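Engineer: My structure is stored as start_16.pdb, with PDB, C-alpha atoms.
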ATOM      1  CA  MET A   1     109.062  34.451 142.199
ATOM      2  CA  GLU A   2     108.356  36.175 138.859
ATOM      3  CA  PRO A   3     108.334  40.028 138.656
ATOM      4  CA  SER A   4     104.903  41.547 137.955
ATOM      5  CA  ILE A   5     104.527  42.758 134.335
ATOM      6  CA  GLU A   6     101.088  44.234 134.881
ATOM      7  CA  PRO A   7     101.028  48.024 134.391
ATOM      8  CA  ARG A   8     100.179  50.219 137.278
ATOM      9  CA  GLN A   9      96.465  50.728 137.737
ATOM     10  CA  GLU A  10      96.671  54.499 137.408
ATOM     11  CA  LEU A  11      98.616  54.337 134.093
ATOM     12  CA  LEU A  12      95.493  54.450 131.881
ATOM     13  CA  GLY A  13      94.241  57.470 133.766
ATOM     14  CA  LEU A  14      97.621  59.167 133.419
ATOM     15  CA  ILE A  15      97.772  58.494 129.673
ATOM     16  CA  LEU A  16      94.229  59.808 129.144
ATOM     17  CA  GLN A  17      95.023  62.839 131.273
ATOM     18  CA  ARG A  18      98.113  63.498 129.163
ATOM     19  CA  ILE A  19      96.118  63.139 125.944
ATOM     20  CA  HIS A  20      93.476  65.564 127.240
ATOM     21  CA  LYS A  21      96.200  67.986 128.267
ATOM     22  CA  GLU A  22      97.714  67.834 124.769
ATOM     23  CA  GLU A  23      94.302  68.250 123.170
ATOM     24  CA  ARG A  24      93.591  71.206 125.431
ATOM     25  CA  LEU A  25      96.926  72.786 124.536
ATOM     26  CA  LEU A  26      96.214  72.243 120.853
ATOM     27  CA  THR A  27      92.777  73.822 121.235
ATOM     28  CA  ILE A  28      94.274  76.823 123.050
ATOM     29  CA  ARG A  29      96.785  77.207 120.214
ATOM     30  CA  ARG A  30      93.937  77.058 117.702
ATOM     31  CA  VAL A  31      91.993  79.684 119.650
ATOM     32  CA  VAL A  32      95.040  81.987 119.626
ATOM     33  CA  LEU A  33      95.625  81.393 115.905
ATOM     34  CA  PHE A  34      92.006  81.937 114.899
ATOM     35  CA  SER A  35      91.697  84.935 117.225
ATOM     36  CA  THR A  36      94.623  86.527 115.394
ATOM     37  CA  ILE A  37      93.021  85.739 112.023
ATOM     38  CA  PHE A  38      89.687  87.056 113.333
ATOM     39  CA  ALA A  39      91.290  90.300 114.516
ATOM     40  CA  CYS A  40      93.087  90.727 111.170
ATOM     41  CA  SER A  41      89.849  90.141 109.255
ATOM     42  CA  VAL A  42      88.005  92.675 111.456
ATOM     43  CA  ILE A  43      90.742  95.222 110.754
ATOM     44  CA  GLY A  44      90.692  94.292 107.055
ATOM     45  CA  LEU A  45      86.929  94.719 106.790
ATOM     46  CA  VAL A  46      87.078  98.506 106.992
ATOM     47  CA  PRO A  47      89.551  99.262 104.148
ATOM     48  CA  THR A  48      88.116  96.569 101.857
ATOM     49  CA  PHE A  49      84.586  97.896 102.457
ATOM     50  CA  ASN A  50      85.735 101.451 101.755
ATOM     51  CA  MET A  51      87.518 100.270  98.627
ATOM     52  CA  LEU A  52      84.379  98.453  97.460
ATOM     53  CA  MET A  53      82.166 101.491  98.075
ATOM     54  CA  LEU A  54      84.644 103.747  96.262
ATOM     55  CA  ASP A  55      84.803 101.382  93.279
ATOM     56  CA  ILE A  56      81.018 101.026  93.189
ATOM     57  CA  SER A  57      80.505 104.776  93.068
ATOM     58  CA  SER A  58      83.397 105.523  90.706
ATOM     59  CA  SER A  59      82.402 102.821  88.211
ATOM     60  CA  GLY A  60      78.793 104.031  88.215
ATOM     61  CA  PHE A  61      77.494 100.612  89.229
ATOM     62  CA  ASN A  62      75.173 102.155  91.839
ATOM     63  CA  ASN A  63      73.661 104.573  89.287
ATOM     64  CA  PHE A  64      72.899 101.783  86.847
ATOM     65  CA  PHE A  65      71.693  99.441  89.593
ATOM     66  CA  SER A  66      69.301 102.098  90.897
ATOM     67  CA  LEU A  67      67.514 101.991  87.504
ATOM     68  CA  LEU A  68      66.131  98.650  88.661
ATOM     69  CA  PHE A  69      64.074 100.488  91.277
ATOM     70  CA  SER A  70      63.283 103.698  89.407
ATOM     71  CA  ASP A  71      62.626 102.271  85.916
ATOM     72  CA  PHE A  72      61.780  98.611  86.342
ATOM     73  CA  SER A  73      59.654  98.345  83.171
ATOM     74  CA  VAL A  74      62.398  99.890  81.004
ATOM     75  CA  VAL A  75      64.993  97.625  82.581
ATOM     76  CA  THR A  76      62.896  94.535  81.819
ATOM     77  CA  THR A  77      62.431  95.689  78.204
ATOM     78  CA  TYR A  78      66.153  96.328  77.664
ATOM     79  CA  TRP A  79      67.370  93.681  80.105
ATOM     80  CA  GLN A  80      70.293  92.607  77.917
ATOM     81  CA  SER A  81      71.815  96.092  77.846
ATOM     82  CA  PHE A  82      71.083  96.426  81.543
ATOM     83  CA  VAL A  83      72.783  93.143  82.462
ATOM     84  CA  MET A  84      75.765  93.978  80.249
ATOM     85  CA  ILE A  85      76.287  97.418  81.777
ATOM     86  CA  LEU A  86      75.983  95.970  85.285
ATOM     87  CA  LEU A  87      78.618  93.353  84.440
ATOM     88  CA  GLU A  88      80.850  95.993  82.853
ATOM     89  CA  THR A  89      80.711  98.286  85.841
ATOM     90  CA  LEU A  90      80.764  95.599  88.537
ATOM     91  CA  PRO A  91      83.940  96.097  90.617
ATOM     92  CA  ALA A  92      84.704  92.367  90.589
ATOM     93  CA  LEU A  93      88.155  92.505  92.212
ATOM     94  CA  SER A  94      87.224  94.653  95.184
ATOM     95  CA  LEU A  95      83.990  92.687  95.623
ATOM     96  CA  ALA A  96      85.919  89.391  95.626
ATOM     97  CA  LEU A  97      88.411  90.835  98.112
ATOM     98  CA  PHE A  98      85.646  92.062 100.417
ATOM     99  CA  LEU A  99      83.820  88.718 100.262
ATOM    100  CA  ALA A 100      87.083  86.872 100.984
ATOM    101  CA  VAL A 101      87.584  89.007 104.109
ATOM    102  CA  ILE A 102      83.954  88.379 105.169
ATOM    103  CA  LEU A 103      84.471  84.638 104.640
ATOM    104  CA  THR A 104      87.665  84.659 106.731
ATOM    105  CA  PHE A 105      85.870  86.648 109.448
ATOM    106  CA  LEU A 106      82.920  84.222 109.613
ATOM    107  CA  GLU A 107      85.023  81.052 109.394
ATOM    108  CA  SER A 108      87.444  82.187 112.110
ATOM    109  CA  ALA A 109      84.493  83.197 114.321
ATOM    110  CA  LYS A 110      83.005  79.730 113.815
ATOM    111  CA  PHE A 111      86.256  77.965 114.806
ATOM    112  CA  ILE A 112      86.817  80.215 117.813
ATOM    113  CA  THR A 113      83.289  79.576 119.110
ATOM    114  CA  LYS A 114      83.672  75.838 118.593
ATOM    115  CA  ASP A 115      87.055  75.711 120.374
ATOM    116  CA  ILE A 116      85.969  77.938 123.247
ATOM    117  CA  LYS A 117      82.930  75.730 123.762
ATOM    118  CA  LYS A 118      85.238  72.698 123.835
ATOM    119  CA  LEU A 119      87.541  74.391 126.371
ATOM    120  CA  ASN A 120      84.594  75.316 128.590
ATOM    121  CA  LEU A 121      83.353  71.732 128.544
ATOM    122  CA  TRP A 122      86.783  70.455 129.610
ATOM    123  CA  ASN A 123      87.039  73.062 132.333
ATOM    124  CA  GLN A 124      83.651  72.029 133.711
ATOM    125  CA  LYS A 125      84.558  68.334 133.474
ATOM    126  CA  TYR A 126      87.929  68.607 135.197
ATOM    127  CA  SER A 127      86.977  71.163 137.779
ATOM    128  CA  ALA A 128      84.074  68.954 138.929
TER     129      ALA A 128
ATOM    130  CA  MET B   1      83.302  56.320 101.950
ATOM    131  CA  GLU B   2      82.152  55.860  98.345
ATOM    132  CA  SER B   3      79.349  58.376  98.753
ATOM    133  CA  LYS B   4      81.841  60.893 100.164
ATOM    134  CA  ILE B   5      84.124  60.508  97.118
ATOM    135  CA  PHE B   6      81.068  60.728  94.859
ATOM    136  CA  GLY B   7      80.030  63.930  96.629
ATOM    137  CA  ILE B   8      83.504  65.423  96.170
ATOM    138  CA  VAL B   9      83.485  64.497  92.449
ATOM    139  CA  ILE B  10      80.030  66.048  91.943
ATOM    140  CA  LEU B  11      81.040  69.194  93.852
ATOM    141  CA  SER B  12      84.246  69.485  91.801
ATOM    142  CA  ILE B  13      82.283  69.180  88.549
ATOM    143  CA  VAL B  14      79.758  71.807  89.685
ATOM    144  CA  GLY B  15      82.636  74.057  90.794
ATOM    145  CA  LEU B  16      84.343  73.656  87.418
ATOM    146  CA  ILE B  17      81.111  74.444  85.562
ATOM    147  CA  VAL B  18      80.623  77.608  87.638
ATOM    148  CA  LEU B  19      84.281  78.554  87.128
ATOM    149  CA  CYS B  20      84.052  78.047  83.346
ATOM    150  CA  PHE B  21      80.785  80.020  83.209
ATOM    151  CA  VAL B  22      82.239  82.935  85.173
ATOM    152  CA  PHE B  23      85.435  82.845  83.109
ATOM    153  CA  GLY B  24      83.420  82.825  79.864
ATOM    154  CA  LEU B  25      81.302  85.701  81.105
ATOM    155  CA  GLY B  26      84.414  87.679  82.032
ATOM    156  CA  VAL B  27      85.982  87.034  78.627
ATOM    157  CA  SER B  28      82.756  88.035  76.863
ATOM    158  CA  VAL B  29      82.341  91.273  78.822
ATOM    159  CA  GLY B  30      86.058  92.071  78.477
ATOM    160  CA  SER B  31      85.971  91.460  74.728
ATOM    161  CA  ARG B  32      82.980  93.763  74.284
ATOM    162  CA  LYS B  33      84.657  96.500  76.275
ATOM    163  CA  ALA B  34      87.950  96.050  74.417
ATOM    164  CA  ASP B  35      86.169  96.058  71.053
ATOM    165  CA  PHE B  36      84.238  99.215  71.921
ATOM    166  CA  SER B  37      87.349 100.924  73.286
ATOM    167  CA  PHE B  38      89.225 100.093  70.093
ATOM    168  CA  ARG B  39      86.425 101.452  67.898
ATOM    169  CA  TRP B  40      86.082 104.519  70.139
ATOM    170  CA  ALA B  41      89.804 105.299  69.787
ATOM    171  CA  GLU B  42      89.789 104.489  66.061
ATOM    172  CA  GLN B  43      86.822 106.778  65.342
ATOM    173  CA  TYR B  44      87.877 109.521  67.765
ATOM    174  CA  HIS B  45      89.060 111.957  65.093
ATOM    175  CA  LYS B  46      85.807 111.412  63.170
ATOM    176  CA  ASN B  47      83.484 111.704  66.155
ATOM    177  CA  PHE B  48      85.191 114.564  67.914
ATOM    178  CA  ALA B  49      87.245 116.138  65.104
ATOM    179  CA  GLY B  50      90.436 115.879  67.079
ATOM    180  CA  PRO B  51      93.642 113.867  67.159
ATOM    181  CA  SER B  52      93.357 110.111  67.500
ATOM    182  CA  GLN B  53      94.777 110.275  71.006
ATOM    183  CA  GLY B  54      92.174 112.861  71.978
ATOM    184  CA  PHE B  55      92.806 116.497  72.832
ATOM    185  CA  LEU B  56      94.098 115.569  76.255
ATOM    186  CA  GLY B  57      95.587 112.244  75.285
ATOM    187  CA  MET B  58      92.342 110.557  76.235
ATOM    188  CA  GLY B  59      93.039 107.677  73.910
ATOM    189  CA  ASN B  60      95.481 106.462  76.513
ATOM    190  CA  ILE B  61      92.812 106.171  79.175
ATOM    191  CA  MET B  62      91.765 102.722  78.072
ATOM    192  CA  MET B  63      95.368 101.595  78.231
ATOM    193  CA  GLN B  64      96.044 103.123  81.642
ATOM    194  CA  ASP B  65      93.207 101.742  83.653
ATOM    195  CA  ASN B  66      90.175  99.985  82.260
ATOM    196  CA  PHE B  67      88.544  99.684  78.913
ATOM    197  CA  ILE B  68      85.573 101.941  78.263
ATOM    198  CA  ASP B  69      82.094 100.722  79.190
ATOM    199  CA  ALA B  70      80.301  99.777  75.983
ATOM    200  CA  ASN B  71      76.692  99.503  77.093
ATOM    201  CA  GLY B  72      76.162 102.711  78.958
ATOM    202  CA  VAL B  73      77.506 105.969  80.222
ATOM    203  CA  ILE B  74      77.015 108.250  83.186
ATOM    204  CA  GLY B  75      77.980 111.844  82.879
ATOM    205  CA  GLU B  76      77.190 115.345  81.795
ATOM    206  CA  VAL B  77      75.700 116.405  78.484
ATOM    207  CA  ILE B  78      78.175 118.606  76.613
ATOM    208  CA  SER B  79      76.139 119.155  73.467
ATOM    209  CA  VAL B  80      73.155 117.868  71.503
ATOM    210  CA  ASN B  81      73.396 117.915  67.708
ATOM    211  CA  ASP B  82      70.566 116.336  65.701
ATOM    212  CA  ASN B  83      70.314 112.879  67.189
ATOM    213  CA  LYS B  84      73.819 112.831  68.641
ATOM    214  CA  ILE B  85      74.523 113.644  72.241
ATOM    215  CA  THR B  86      78.076 114.246  73.425
ATOM    216  CA  ILE B  87      78.605 113.103  76.987
ATOM    217  CA  LYS B  88      81.518 113.740  79.292
ATOM    218  CA  GLY B  89      81.718 110.517  81.260
ATOM    219  CA  ARG B  90      83.951 109.287  84.041
ATOM    220  CA  GLU B  91      87.638 110.120  83.814
ATOM    221  CA  ASN B  92      86.582 112.854  81.360
ATOM    222  CA  VAL B  93      86.085 110.389  78.533
ATOM    223  CA  GLU B  94      83.857 111.844  75.832
ATOM    224  CA  LYS B  95      81.285 109.549  74.314
ATOM    225  CA  ILE B  96      78.839 110.037  71.485
ATOM    226  CA  VAL B  97      75.372 108.707  72.195
ATOM    227  CA  VAL B  98      72.982 108.256  69.308
ATOM    228  CA  ALA B  99      69.271 108.538  70.060
ATOM    229  CA  ASP B 100      66.306 107.698  67.841
ATOM    230  CA  GLU B 101      62.522 107.872  68.133
ATOM    231  CA  LYS B 102      62.491 104.656  70.162
ATOM    232  CA  THR B 103      64.831 106.048  72.808
ATOM    233  CA  ILE B 104      63.033 106.662  76.087
ATOM    234  CA  ILE B 105      64.121 109.876  77.776
ATOM    235  CA  MET B 106      62.862 110.471  81.297
ATOM    236  CA  CYS B 107      63.383 112.784  84.223
ATOM    237  CA  GLN B 108      61.597 111.561  87.334
ATOM    238  CA  ARG B 109      58.151 110.565  85.940
ATOM    239  CA  GLN B 110      58.166 112.990  82.972
ATOM    240  CA  ASN B 111      58.946 111.959  79.412
ATOM    241  CA  PHE B 112      61.346 114.229  77.578
ATOM    242  CA  LYS B 113      62.149 114.748  73.905
ATOM    243  CA  LEU B 114      65.695 114.724  72.604
ATOM    244  CA  THR B 115      65.456 118.455  71.854
ATOM    245  CA  GLU B 116      64.654 119.118  75.497
ATOM    246  CA  LEU B 117      68.023 117.761  76.590
ATOM    247  CA  LYS B 118      70.461 120.548  77.310
ATOM    248  CA  SER B 119      74.128 120.868  78.058
ATOM    249  CA  GLY B 120      74.938 120.482  81.710
ATOM    250  CA  ASP B 121      72.247 117.836  82.317
ATOM    251  CA  SER B 122      73.459 114.849  84.306
ATOM    252  CA  VAL B 123      72.364 111.649  82.644
ATOM    253  CA  VAL B 124      72.487 107.865  83.029
ATOM    254  CA  ILE B 125      72.348 106.201  79.623
ATOM    255  CA  MET B 126      71.844 102.558  78.749
ATOM    256  CA  GLY B 127      72.211 101.194  75.223
ATOM    257  CA  GLU B 128      74.078  99.122  72.676
ATOM    258  CA  PRO B 129      77.480  99.889  71.155
ATOM    259  CA  ASN B 130      77.723 100.354  67.385
ATOM    260  CA  ASN B 131      80.614  99.970  64.953
ATOM    261  CA  ASN B 132      81.467 103.680  65.071
ATOM    262  CA  GLY B 133      82.468 103.669  68.721
ATOM    263  CA  GLN B 134      79.143 105.256  69.698
ATOM    264  CA  ILE B 135      76.336 104.082  71.944
ATOM    265  CA  GLU B 136      72.860 103.664  70.506
ATOM    266  CA  ALA B 137      70.727 104.702  73.440
ATOM    267  CA  ASP B 138      67.745 102.652  74.559
ATOM    268  CA  PHE B 139      67.084 104.673  77.669
ATOM    269  CA  ILE B 140      68.227 108.045  78.978
ATOM    270  CA  ARG B 141      67.490 108.959  82.593
ATOM    271  CA  ILE B 142      68.039 112.635  83.344
ATOM    272  CA  MET B 143      69.044 113.200  86.948
ATOM    273  CA  PRO B 144      66.937 116.051  88.358
ATOM    274  CA  ASN B 145      68.765 119.282  88.989
ATOM    275  CA  PRO B 146      69.038 119.870  92.789
ATOM    276  CA  THR B 147      67.679 123.421  92.454
ATOM    277  CA  ARG B 148      65.403 123.357  89.389
ATOM    278  CA  GLY B 149      64.248 119.723  89.452
ATOM    279  CA  CYS B 150      63.071 118.497  86.034
ATOM    280  CA  LEU B 151      62.311 121.725  84.184
ATOM    281  CA  LYS B 152      61.848 121.356  80.456
ATOM    282  CA  ASN B 153      63.824 123.489  78.043
ATOM    283  CA  ASN B 154      61.075 125.922  76.927
TER     284      ASN B 154
END
Using structure tokens, write down the structure that the file contains.

Structural biologist:
Amino acid sequence: MEPSIEPRQELLGLILQRIHKEERLLTIRRVVLFSTIFACSVIGLVPTFNMLMLDISSSGFNNFFSLLFSDFSVVTTYWQSFVMILLETLPALSLALFLAVILTFLESAKFITKDIKKLNLWNQKYSA
Amino acid sequence: MESKIFGIVILSIVGLIVLCFVFGLGVSVGSRKADFSFRWAEQYHKNFAGPSQGFLGMGNIMMQDNFIDANGVIGEVISVNDNKITIKGRENVEKIVVADEKTIIMCQRQNFKLTELKSGDSVVIMGEPNNNGQIEADFIRIMPNPTRGCLKNN
């Protein structure tokens, strides 16, 4: 009599369960990681925003930019000087830094939402 | 698969074009500011009758932080002589602004003449740099005084 080499019937289920468990663990890790990044970006938003506002007012960018609303016809006549002075006074570094923080904030929020949705789906599926 | 690679190539090319454009723009603006700052420092003794480093070592300002803005100035009028206006700008940098008959001078909706500008007026000036380290003003906006508004110098 030959020994049976057929796998147990529940093996497939066990393997899939294990894979789901690993995927779930990975998703939880991702949620923790992105939550940390999200929290850091929220904290970072305040000083970078303050820095941007300070640079905008100290460089005079806001004063020149406001000419667009108060003296539109003059600005259109001398648009080259206007564009040049805006570029000269634009606080490019602090603006780039602030936008980078905003980007990190939005991207991490997107990943967290996606992963939490995935976790909720699994919870519903396996609790049913 | 091919369309994905094609998309990446196109995106990379567009990204490079944008990068080159922004870099070129930065170099152009930086060069203008550096050129103006150099001329400003070079002509300082002529424009302000003081040492080349400025009375308070102001020539070093452009080396410490940023170069001086070439196309405009915000600050307080120190004096008006003929068609030359001396402005104390940010970081106490003095600038000479040259006005001519084409220069538009306004406070709120009123047009002003150059002679009606007085020391102590806060102004926002837009213009073009010249070879003497001065700004040839196209437009001067006088900021209304909080107490007196836009009173003319009569």

Engineer: Of the candidates A:Leu52, A:Ile28, A:Val83, A:Lys110, which shows the shortest atom-to-atom distance to Leu67 of chain A, using all atoms listed in the file?

Structural biologist: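 Among the listed residues, A:Val83 lies closest to Leu67 of chain A.
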
Engineer: Would you mind telling me which residue in B:Asn47, B:Asn71, B:Ser12, B:Ser28 lies nearest to chain A when using only C-alpha atoms?

Structural biologist: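 The answer is B:Asn71, which sits nearest to chain A.
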
Engineer: Name the residues that the ChimeraX specification (/B :<7) & /A picks from the file above, as a PDB file with C-alpha atoms, in the coordinates of the input, using the file's chain letters and numbers.

Structural biologist:
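Writing the result to result-v3.pdb gives the following:
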ATOM      1  CA  GLY A  60      78.793 104.031  88.215  1.00  0.00           C
ATOM      2  CA  SER A  81      71.815  96.092  77.846  1.00  0.00           C
ATOM      3  CA  PHE A  82      71.083  96.426  81.543  1.00  0.00           C
ATOM      4  CA  MET A  84      75.765  93.978  80.249  1.00  0.00           C
ATOM      5  CA  ILE A  85      76.287  97.418  81.777  1.00  0.00           C
ATOM      6  CA  GLU A  88      80.850  95.993  82.853  1.00  0.00           C
TER       7      GLU A  88
END

Engineer: Can you list, as a list in words, the residues that the PyMOL selection byres ((chain A and resi 120-127) around 10) selects here?

Structural biologist: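 That selection, the PyMOL selection byres ((chain A and resi 120-127) around 10), comes back as Gln17, His20, Lys21, Arg24, Asp115, Ile116, Lys117, Lys118, Leu119 and Ala128 of chain A.
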
Engineer: Can you pull out every residue within 10 Å of Lys88 of chain B, counting all atoms listed in the file, but drop anything in the same chain fewer than 5 positions away, and send it as a ChimeraX atom specification?

Structural biologist: /B:73-79,93-96,120,122-123

Engineer: One decimal, in Å: what's the spacing between atom CA of Arg39 of chain B and atom CA of Val98 of chain B?

Structural biologist: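 Going from atom CA of Arg39 of chain B over to atom CA of Val98 of chain B, I get 15.1 Å.
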
Engineer: Which value, in Å to one decimal, gives the distance between atom CA of Phe105 of chain A and atom CA of Ser41 of chain A?

Structural biologist: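 Going from atom CA of Phe105 of chain A over to atom CA of Ser41 of chain A, I get 5.3 Å.
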
Engineer: Skipping near chain neighbours, those fewer than 4 positions away, what residues fall within 9 Å of Phe49 of chain A using only C-alpha atoms, listed as a list in words?

Structural biologist: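 Counting only the stated atoms, we get Gly44, Leu45, Met53, Leu54, Ser94, Leu95 and Phe98 of chain A.
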
Engineer: Rounded to one decimal place, report the atom CA of Leu87 of chain A-atom CA of Asp121 of chain B distance in Å.

Structural biologist: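 Atom CA of Leu87 of chain A sits 25.4 Å away from atom CA of Asp121 of chain B.
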
Engineer: Extract, using all atoms listed in the file, all DNA, RNA and protein residues at most 10 Å from Thr115 of chain B, discarding same-chain residues fewer than 5 positions from it, and format them as a list in words.

Structural biologist: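 That gives Val80, Asn81, Asp82, Asn83, Lys152 and Asn153 of chain B.
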
Engineer: Using all atoms listed in the file, find the one residue out of A:Ala109, A:Leu99, A:Ile19, A:Leu11 that sits nearest to Thr36 of chain A.

Structural biologist: A:Ala109

Engineer: Which residues come within 6 Å of Thr89 of chain A, counting all atoms listed in the file, excluding same-chain residues fewer than 2 positions away, as a list in words?

Structural biologist: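 These residues fall inside the cut-off: Ser59, Phe61, Leu86 and Leu87 of chain A.
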